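Peer 1: File structure_20.cif follows (mmCIF, N, CA and C atoms):
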data_query
#
loop_
_atom_site.group_PDB
_atom_site.id
_atom_site.type_symbol
_atom_site.label_atom_id
_atom_site.label_comp_id
_atom_site.auth_asym_id
_atom_site.auth_seq_id
_atom_site.Cartn_x
_atom_site.Cartn_y
_atom_site.Cartn_z
ATOM 1 N N MET X 111 0.822 -1.192 0.000
ATOM 2 C CA MET X 111 0.000 0.000 0.000
ATOM 3 C C MET X 111 0.866 1.255 0.000
ATOM 4 N N ASP X 112 1.936 1.250 0.783
ATOM 5 C CA ASP X 112 2.832 2.409 0.831
ATOM 6 C C ASP X 112 3.495 2.639 -0.522
ATOM 7 N N GLN X 113 3.815 1.521 -1.195
ATOM 8 C CA GLN X 113 4.433 1.655 -2.521
ATOM 9 C C GLN X 113 3.450 2.266 -3.517
ATOM 10 N N LEU X 114 2.183 1.877 -3.437
ATOM 11 C CA LEU X 114 1.176 2.450 -4.329
ATOM 12 C C LEU X 114 0.985 3.945 -4.057
ATOM 13 N N ARG X 115 0.940 4.320 -2.788
ATOM 14 C CA ARG X 115 0.817 5.740 -2.452
ATOM 15 C C ARG X 115 2.026 6.527 -2.944
ATOM 16 N N ALA X 116 3.181 5.939 -2.804
ATOM 17 C CA ALA X 116 4.402 6.602 -3.275
ATOM 18 C C ALA X 116 4.373 6.747 -4.786
ATOM 19 N N GLU X 117 3.881 5.708 -5.483
ATOM 20 C CA GLU X 117 3.783 5.790 -6.945
ATOM 21 C C GLU X 117 2.774 6.851 -7.367
ATOM 22 N N VAL X 118 1.624 6.936 -6.681
ATOM 23 C CA VAL X 118 0.627 7.965 -6.978
ATOM 24 C C VAL X 118 1.221 9.356 -6.732
ATOM 25 N N ALA X 119 1.936 9.524 -5.658
ATOM 26 C CA ALA X 119 2.575 10.811 -5.363
ATOM 27 C C ALA X 119 3.591 11.151 -6.436
ATOM 28 N N ARG X 120 4.391 10.158 -6.881
ATOM 29 C CA ARG X 120 5.384 10.398 -7.930
ATOM 30 C C ARG X 120 4.705 10.785 -9.241
ATOM 31 N N LEU X 121 3.625 10.080 -9.570
ATOM 32 C CA LEU X 121 2.900 10.403 -10.797
ATOM 33 C C LEU X 121 2.256 11.790 -10.725
ATOM 34 N N ARG X 122 1.751 12.165 -9.556
ATOM 35 C CA ARG X 122 1.182 13.514 -9.408
ATOM 36 C C ARG X 122 2.263 14.582 -9.574
ATOM 37 N N ASP X 123 3.452 14.290 -9.076
ATOM 38 C CA ASP X 123 4.563 15.230 -9.265
ATOM 39 C C ASP X 123 4.898 15.374 -10.742
ATOM 40 N N VAL X 124 4.828 14.264 -11.484
ATOM 41 C CA VAL X 124 5.140 14.296 -12.914
ATOM 42 C C VAL X 124 4.016 14.972 -13.690
ATOM 43 N N VAL X 125 2.784 14.573 -13.422
ATOM 44 C CA VAL X 125 1.639 15.038 -14.179
ATOM 45 C C VAL X 125 1.189 16.426 -13.708
ATOM 46 N N GLY X 126 1.206 16.686 -12.446
ATOM 47 C CA GLY X 126 0.754 17.962 -11.911
ATOM 48 C C GLY X 126 -0.454 17.755 -11.028
ATOM 49 N N PRO X 127 -1.133 18.826 -10.661
ATOM 50 C CA PRO X 127 -2.279 18.724 -9.755
ATOM 51 C C PRO X 127 -3.470 18.029 -10.413
ATOM 52 N N ASP X 128 -4.444 17.709 -9.623
ATOM 53 C CA ASP X 128 -5.631 17.010 -10.143
ATOM 54 C C ASP X 128 -6.543 17.984 -10.890
ATOM 55 N N GLU X 129 -7.642 17.463 -11.448
ATOM 56 C CA GLU X 129 -8.538 18.263 -12.287
ATOM 57 C C GLU X 129 -9.195 19.402 -11.519
ATOM 58 N N LYS X 130 -9.549 19.185 -10.269
ATOM 59 C CA LYS X 130 -10.140 20.254 -9.467
ATOM 60 C C LYS X 130 -9.171 21.424 -9.342
ATOM 61 N N SER X 131 -7.907 21.100 -9.177
ATOM 62 C CA SER X 131 -6.909 22.162 -9.071
ATOM 63 C C SER X 131 -6.801 22.931 -10.381
ATOM 64 N N TYR X 132 -6.889 22.220 -11.506
ATOM 65 C CA TYR X 132 -6.842 22.890 -12.809
ATOM 66 C C TYR X 132 -8.041 23.817 -12.985
ATOM 67 N N VAL X 133 -9.221 23.371 -12.586
ATOM 68 C CA VAL X 133 -10.422 24.188 -12.685
ATOM 69 C C VAL X 133 -10.271 25.434 -11.811
ATOM 70 N N GLN X 134 -9.782 25.244 -10.594
ATOM 71 C CA GLN X 134 -9.566 26.377 -9.691
ATOM 72 C C GLN X 134 -8.495 27.314 -10.249
ATOM 73 N N LEU X 135 -7.437 26.727 -10.805
ATOM 74 C CA LEU X 135 -6.363 27.526 -11.403
ATOM 75 C C LEU X 135 -6.894 28.340 -12.583
ATOM 76 N N ARG X 136 -7.712 27.716 -13.419
ATOM 77 C CA ARG X 136 -8.299 28.418 -14.563
ATOM 78 C C ARG X 136 -9.193 29.563 -14.092
ATOM 79 N N ALA X 137 -9.987 29.321 -13.054
ATOM 80 C CA ALA X 137 -10.850 30.377 -12.505
ATOM 81 C C ALA X 137 -9.996 31.513 -11.930
ATOM 82 N N ASP X 138 -8.900 31.151 -11.264
ATOM 83 C CA ASP X 138 -8.005 32.183 -10.724
ATOM 84 C C ASP X 138 -7.363 32.999 -11.842
ATOM 85 N N VAL X 139 -6.978 32.333 -12.920
ATOM 86 C CA VAL X 139 -6.375 33.038 -14.054
ATOM 87 C C VAL X 139 -7.394 33.988 -14.678
ATOM 88 N N TRP X 140 -8.635 33.549 -14.843
ATOM 89 C CA TRP X 140 -9.671 34.398 -15.429
ATOM 90 C C TRP X 140 -9.951 35.610 -14.531
ATOM 91 N N SER X 141 -10.036 35.363 -13.238
ATOM 92 C CA SER X 141 -10.315 36.493 -12.344
ATOM 93 C C SER X 141 -9.121 37.457 -12.320
ATOM 94 N N ALA X 142 -7.916 36.923 -12.404
ATOM 95 C CA ALA X 142 -6.738 37.798 -12.468
ATOM 96 C C ALA X 142 -6.741 38.597 -13.771
ATOM 97 N N ARG X 143 -7.109 37.950 -14.871
ATOM 98 C CA ARG X 143 -7.187 38.636 -16.160
ATOM 99 C C ARG X 143 -8.229 39.751 -16.107
ATOM 100 N N ASP X 144 -9.391 39.459 -15.522
ATOM 101 C CA ASP X 144 -10.434 40.475 -15.391
ATOM 102 C C ASP X 144 -9.967 41.639 -14.522
ATOM 103 N N ALA X 145 -9.225 41.314 -13.461
ATOM 104 C CA ALA X 145 -8.699 42.376 -12.593
ATOM 105 C C ALA X 145 -7.702 43.245 -13.357
ATOM 106 N N VAL X 146 -6.881 42.629 -14.196
ATOM 107 C CA VAL X 146 -5.912 43.388 -14.997
ATOM 108 C C VAL X 146 -6.637 44.276 -16.004
ATOM 109 N N ILE X 147 -7.661 43.737 -16.649
ATOM 110 C CA ILE X 147 -8.437 44.537 -17.614
ATOM 111 C C ILE X 147 -9.074 45.730 -16.913
ATOM 112 N N GLY X 148 -9.635 45.509 -15.739
ATOM 113 C CA GLY X 148 -10.226 46.608 -14.975
ATOM 114 C C GLY X 148 -9.187 47.642 -14.559
ATOM 115 N N ALA X 149 -8.017 47.163 -14.131
ATOM 116 C CA ALA X 149 -6.951 48.077 -13.721
ATOM 117 C C ALA X 149 -6.444 48.889 -14.912
ATOM 118 N N GLU X 150 -6.341 48.256 -16.079
ATOM 119 C CA GLU X 150 -5.899 48.988 -17.277
ATOM 120 C C GLU X 150 -6.925 50.042 -17.679
ATOM 121 N N ALA X 151 -8.201 49.709 -17.551
ATOM 122 C CA ALA X 151 -9.246 50.691 -17.867
ATOM 123 C C ALA X 151 -9.172 51.867 -16.903
ATOM 124 N N GLU X 152 -8.996 51.581 -15.626
ATOM 125 C CA GLU X 152 -8.862 52.641 -14.623
ATOM 126 C C GLU X 152 -7.619 53.483 -14.893
ATOM 127 N N MET X 153 -6.529 52.830 -15.294
ATOM 128 C CA MET X 153 -5.303 53.548 -15.611
ATOM 129 C C MET X 153 -5.525 54.476 -16.804
ATOM 130 N N GLY X 154 -6.279 54.027 -17.789
ATOM 131 C CA GLY X 154 -6.593 54.871 -18.937
ATOM 132 C C GLY X 154 -7.386 56.103 -18.532
ATOM 133 N N LEU X 155 -8.362 55.899 -17.652
ATOM 134 C CA LEU X 155 -9.145 57.035 -17.157
ATOM 135 C C LEU X 155 -8.255 58.017 -16.397
ATOM 136 N N LEU X 156 -7.386 57.479 -15.556
ATOM 137 C CA LEU X 156 -6.499 58.346 -14.777
ATOM 138 C C LEU X 156 -5.523 59.097 -15.671
ATOM 139 N N LYS X 157 -5.030 58.436 -16.730
ATOM 140 C CA LYS X 157 -4.136 59.123 -17.667
ATOM 141 C C LYS X 157 -4.868 60.275 -18.348
ATOM 142 N N GLY X 158 -6.119 60.038 -18.713
ATOM 143 C CA GLY X 158 -6.922 61.099 -19.315
ATOM 144 C C GLY X 158 -7.119 62.263 -18.357
ATOM 145 N N GLN X 159 -7.381 61.954 -17.100
ATOM 146 C CA GLN X 159 -7.552 63.014 -16.106
ATOM 147 C C GLN X 159 -6.254 63.784 -15.902
ATOM 148 N N VAL X 160 -5.132 63.086 -15.895
ATOM 149 C CA VAL X 160 -3.835 63.749 -15.732
ATOM 150 C C VAL X 160 -3.576 64.695 -16.900
ATOM 151 N N ARG X 161 -3.838 64.230 -18.111
ATOM 152 C CA ARG X 161 -3.649 65.092 -19.285
ATOM 153 C C ARG X 161 -4.552 66.321 -19.208
ATOM 154 N N SER X 162 -5.783 66.111 -18.792
ATOM 155 C CA SER X 162 -6.721 67.229 -18.657
ATOM 156 C C SER X 162 -6.223 68.222 -17.609
ATOM 157 N N LEU X 163 -5.750 67.704 -16.476
ATOM 158 C CA LEU X 163 -5.238 68.587 -15.434
ATOM 159 C C LEU X 163 -3.987 69.323 -15.882
ATOM 160 N N GLN X 164 -3.140 68.657 -16.662
ATOM 161 C CA GLN X 164 -1.943 69.324 -17.181
ATOM 162 C C GLN X 164 -2.330 70.476 -18.100
ATOM 163 N N ALA X 165 -3.342 70.266 -18.922
ATOM 164 C CA ALA X 165 -3.805 71.332 -19.805
ATOM 165 C C ALA X 165 -4.381 72.491 -18.996
ATOM 166 N N GLU X 166 -5.155 72.173 -17.962
ATOM 167 C CA GLU X 166 -5.728 73.221 -17.112
ATOM 168 C C GLU X 166 -4.641 74.009 -16.390
ATOM 169 N N VAL X 167 -3.620 73.308 -15.902
ATOM 170 C CA VAL X 167 -2.516 73.992 -15.211
ATOM 171 C C VAL X 167 -1.778 74.911 -16.180
ATOM 172 N N ALA X 168 -1.534 74.426 -17.386
ATOM 173 C CA ALA X 168 -0.851 75.261 -18.387
ATOM 174 C C ALA X 168 -1.674 76.504 -18.700
ATOM 175 N N ARG X 169 -2.982 76.338 -18.851
ATOM 176 C CA ARG X 169 -3.859 77.482 -19.126
ATOM 177 C C ARG X 169 -3.865 78.446 -17.951
ATOM 178 N N ALA X 170 -3.939 77.910 -16.732
ATOM 179 C CA ALA X 170 -3.957 78.763 -15.540
ATOM 180 C C ALA X 170 -2.642 79.531 -15.396
ATOM 181 N N MET X 171 -1.536 78.872 -15.705
ATOM 182 C CA MET X 171 -0.240 79.550 -15.623
ATOM 183 C C MET X 171 -0.146 80.667 -16.658
ATOM 184 N N LYS X 172 -0.689 80.411 -17.839
ATOM 185 C CA LYS X 172 -0.704 81.440 -18.883
ATOM 186 C C LYS X 172 -1.549 82.635 -18.447
ATOM 187 N N GLU X 173 -2.724 82.360 -17.900
ATOM 188 C CA GLU X 173 -3.588 83.432 -17.413
ATOM 189 C C GLU X 173 -2.937 84.188 -16.256
ATOM 190 N N GLN X 174 -2.278 83.465 -15.373
ATOM 191 C CA GLN X 174 -1.597 84.102 -14.251
ATOM 192 C C GLN X 174 -0.507 85.044 -14.758
ATOM 193 N N GLN X 175 0.252 84.593 -15.735
ATOM 194 C CA GLN X 175 1.303 85.437 -16.301
ATOM 195 C C GLN X 175 0.695 86.669 -16.973
ATOM 196 N N TRP X 176 -0.422 86.490 -17.675
ATOM 197 C CA TRP X 176 -1.077 87.618 -18.328
ATOM 198 C C TRP X 176 -1.543 88.641 -17.294
ATOM 199 N N VAL X 177 -2.181 88.158 -16.221
ATOM 200 C CA VAL X 177 -2.656 89.058 -15.166
ATOM 201 C C VAL X 177 -1.475 89.773 -14.521
ATOM 202 N N LYS X 178 -0.420 89.029 -14.246
ATOM 203 C CA LYS X 178 0.774 89.620 -13.644
ATOM 204 C C LYS X 178 1.338 90.717 -14.553
ATOM 205 N N ASP X 179 1.436 90.420 -15.839
ATOM 206 C CA ASP X 179 1.942 91.412 -16.787
ATOM 207 C C ASP X 179 1.037 92.641 -16.840
ATOM 208 N N GLU X 180 -0.282 92.411 -16.855
ATOM 209 C CA GLU X 180 -1.233 93.530 -16.888
ATOM 210 C C GLU X 180 -1.114 94.384 -15.632
ATOM 211 N N VAL X 181 -1.044 93.757 -14.482
ATOM 212 C CA VAL X 181 -0.937 94.492 -13.219
ATOM 213 C C VAL X 181 0.356 95.288 -13.190
ATOM 214 N N LEU X 182 1.459 94.667 -13.568
ATOM 215 C CA LEU X 182 2.734 95.383 -13.577
ATOM 216 C C LEU X 182 2.714 96.541 -14.562
ATOM 217 N N LEU X 183 2.116 96.322 -15.717
ATOM 218 C CA LEU X 183 2.027 97.386 -16.708
ATOM 219 C C LEU X 183 1.220 98.566 -16.169
ATOM 220 N N ARG X 184 0.096 98.263 -15.509
ATOM 221 C CA ARG X 184 -0.736 99.336 -14.955
ATOM 222 C C ARG X 184 -0.031 100.035 -13.794
ATOM 223 N N ILE X 185 0.665 99.279 -12.975
ATOM 224 C CA ILE X 185 1.406 99.893 -11.864
ATOM 225 C C ILE X 185 2.483 100.824 -12.414
ATOM 226 N N LYS X 186 3.190 100.353 -13.421
ATOM 227 C CA LYS X 186 4.234 101.181 -14.016
ATOM 228 C C LYS X 186 3.653 102.443 -14.637
ATOM 229 N N SER X 187 2.515 102.313 -15.320
ATOM 230 C CA SER X 187 1.911 103.495 -15.931
ATOM 231 C C SER X 187 1.415 104.461 -14.859
ATOM 232 N N TRP X 188 0.830 103.951 -13.766
ATOM 233 C CA TRP X 188 0.399 104.821 -12.669
ATOM 234 C C TRP X 188 1.591 105.479 -11.995
ATOM 235 N N ARG X 189 2.659 104.730 -11.842
ATOM 236 C CA ARG X 189 3.852 105.290 -11.221
ATOM 237 C C ARG X 189 4.399 106.441 -12.067
ATOM 238 N N THR X 190 4.425 106.225 -13.361
ATOM 239 C CA THR X 190 4.883 107.287 -14.266
ATOM 240 C C THR X 190 3.950 108.490 -14.189
ATOM 241 N N TYR X 191 2.666 108.242 -14.185
ATOM 242 C CA TYR X 191 1.679 109.320 -14.102
ATOM 243 C C TYR X 191 1.852 110.111 -12.797
ATOM 244 N N LEU X 192 2.002 109.383 -11.667
ATOM 245 C CA LEU X 192 2.158 110.053 -10.380
ATOM 246 C C LEU X 192 3.454 110.858 -10.314
ATOM 247 N N ARG X 193 4.531 110.324 -10.869
ATOM 248 C CA ARG X 193 5.789 111.069 -10.895
ATOM 249 C C ARG X 193 5.628 112.375 -11.669
ATOM 250 N N ARG X 194 5.002 112.302 -12.817
ATOM 251 C CA ARG X 194 4.780 113.503 -13.614
ATOM 252 C C ARG X 194 3.896 114.502 -12.869
ATOM 253 N N LEU X 195 2.871 113.966 -12.204
ATOM 254 C CA LEU X 195 1.973 114.828 -11.447
ATOM 255 C C LEU X 195 2.713 115.512 -10.310
ATOM 256 N N VAL X 196 3.535 114.762 -9.586
ATOM 257 C CA VAL X 196 4.312 115.336 -8.479
ATOM 258 C C VAL X 196 5.266 116.400 -9.008
ATOM 259 N N LEU X 197 5.924 116.119 -10.109
ATOM 260 C CA LEU X 197 6.833 117.113 -10.695
ATOM 261 C C LEU X 197 6.081 118.370 -11.121
ATOM 262 N N LYS X 198 4.908 118.206 -11.682
ATOM 263 C CA LYS X 198 4.095 119.331 -12.123
ATOM 264 C C LYS X 198 3.659 120.178 -10.916
ATOM 265 N N ILE X 199 3.214 119.498 -9.856
ATOM 266 C CA ILE X 199 2.774 120.202 -8.647
ATOM 267 C C ILE X 199 3.968 120.919 -8.016
ATOM 268 N N ARG X 200 5.106 120.292 -7.994
ATOM 269 C CA ARG X 200 6.308 120.892 -7.430
ATOM 270 C C ARG X 200 6.682 122.164 -8.190
ATOM 271 N N ARG X 201 6.625 122.070 -9.483
ATOM 272 C CA ARG X 201 6.932 123.257 -10.295
ATOM 273 C C ARG X 201 5.945 124.386 -10.011
ATOM 274 N N MET X 202 4.670 124.002 -9.878
ATOM 275 C CA MET X 202 3.657 125.038 -9.607
ATOM 276 C C MET X 202 3.887 125.675 -8.241
ATOM 277 N N LEU X 203 4.282 124.869 -7.256
ATOM 278 C CA LEU X 203 4.507 125.414 -5.931
ATOM 279 C C LEU X 203 5.774 126.246 -5.842
ATOM 280 N N LEU X 204 6.769 125.928 -6.632
ATOM 281 C CA LEU X 204 8.020 126.675 -6.604
ATOM 282 C C LEU X 204 7.911 127.997 -7.343
ATOM 283 N N LYS X 205 6.981 128.188 -8.161
ATOM 284 C CA LYS X 205 6.821 129.449 -8.924
ATOM 285 C C LYS X 205 6.249 130.549 -8.100
#
Please, can you express the file's structure as structure tokens?
Peer 2:
Amino acid sequence: MDQLRAEVARLRDVVGPDEKSYVQLRADVWSARDAVIGAEAEMGLLKGQVRSLQAEVARAMKEQQWVKDEVLLRIKSWRTYLRRLVLKIRRMLLK
């Protein structure tokens, strides 16, 4: 009996697991494949969101630079205007 059990064990080592194990293995492979497909779909969605956010950041940075340039331009023009006004008032007061 021990020799028969040893032979069955040796044959299982050569052949592999039994049919139930193959069925379970196949089910595990399918569920793993489905999980990978789902993860790839989620990754695609996330890549799309990242690209969209990158575009929004680029647009926001462009707008920020435009506002900064506009504000600086207006400050410079007001500064020039005020300097001229002060010089004009000074001249009027010195006369």
Peer 1: Please, what distance in Å, to one decimal, runs between atom CA of Glu152 of chain X and atom N of Glu166 of chain X?
Peer 2: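 That distance, rounded to one decimal, is 20.2 Å.
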Peer 1: To box segment 178-190 of chain X, take all atoms listed in the file, fit an axis-aligned box, add 6 Å on each side, and give centre and edge lengths in Å to one decimal, as AutoDock Vina command-line options.
Peer 2:
--center_x 1.8 --center_y 98.8 --center_z -14.1 --size_x 18.1 --size_y 31.5 --size_z 17.7
Peer 1: In Å, rounded to a single decimal, give me how far atom CA of Gln134 of chain X is from atom CA of Glu150 of chain X.
Peer 2: 24.1 Å
Peer 1: Figure out the distance between atom N of Asp138 of chain X and atom CA of Val124 of chain X, please, to one decimal in Å.
Peer 2: 22.0 Å
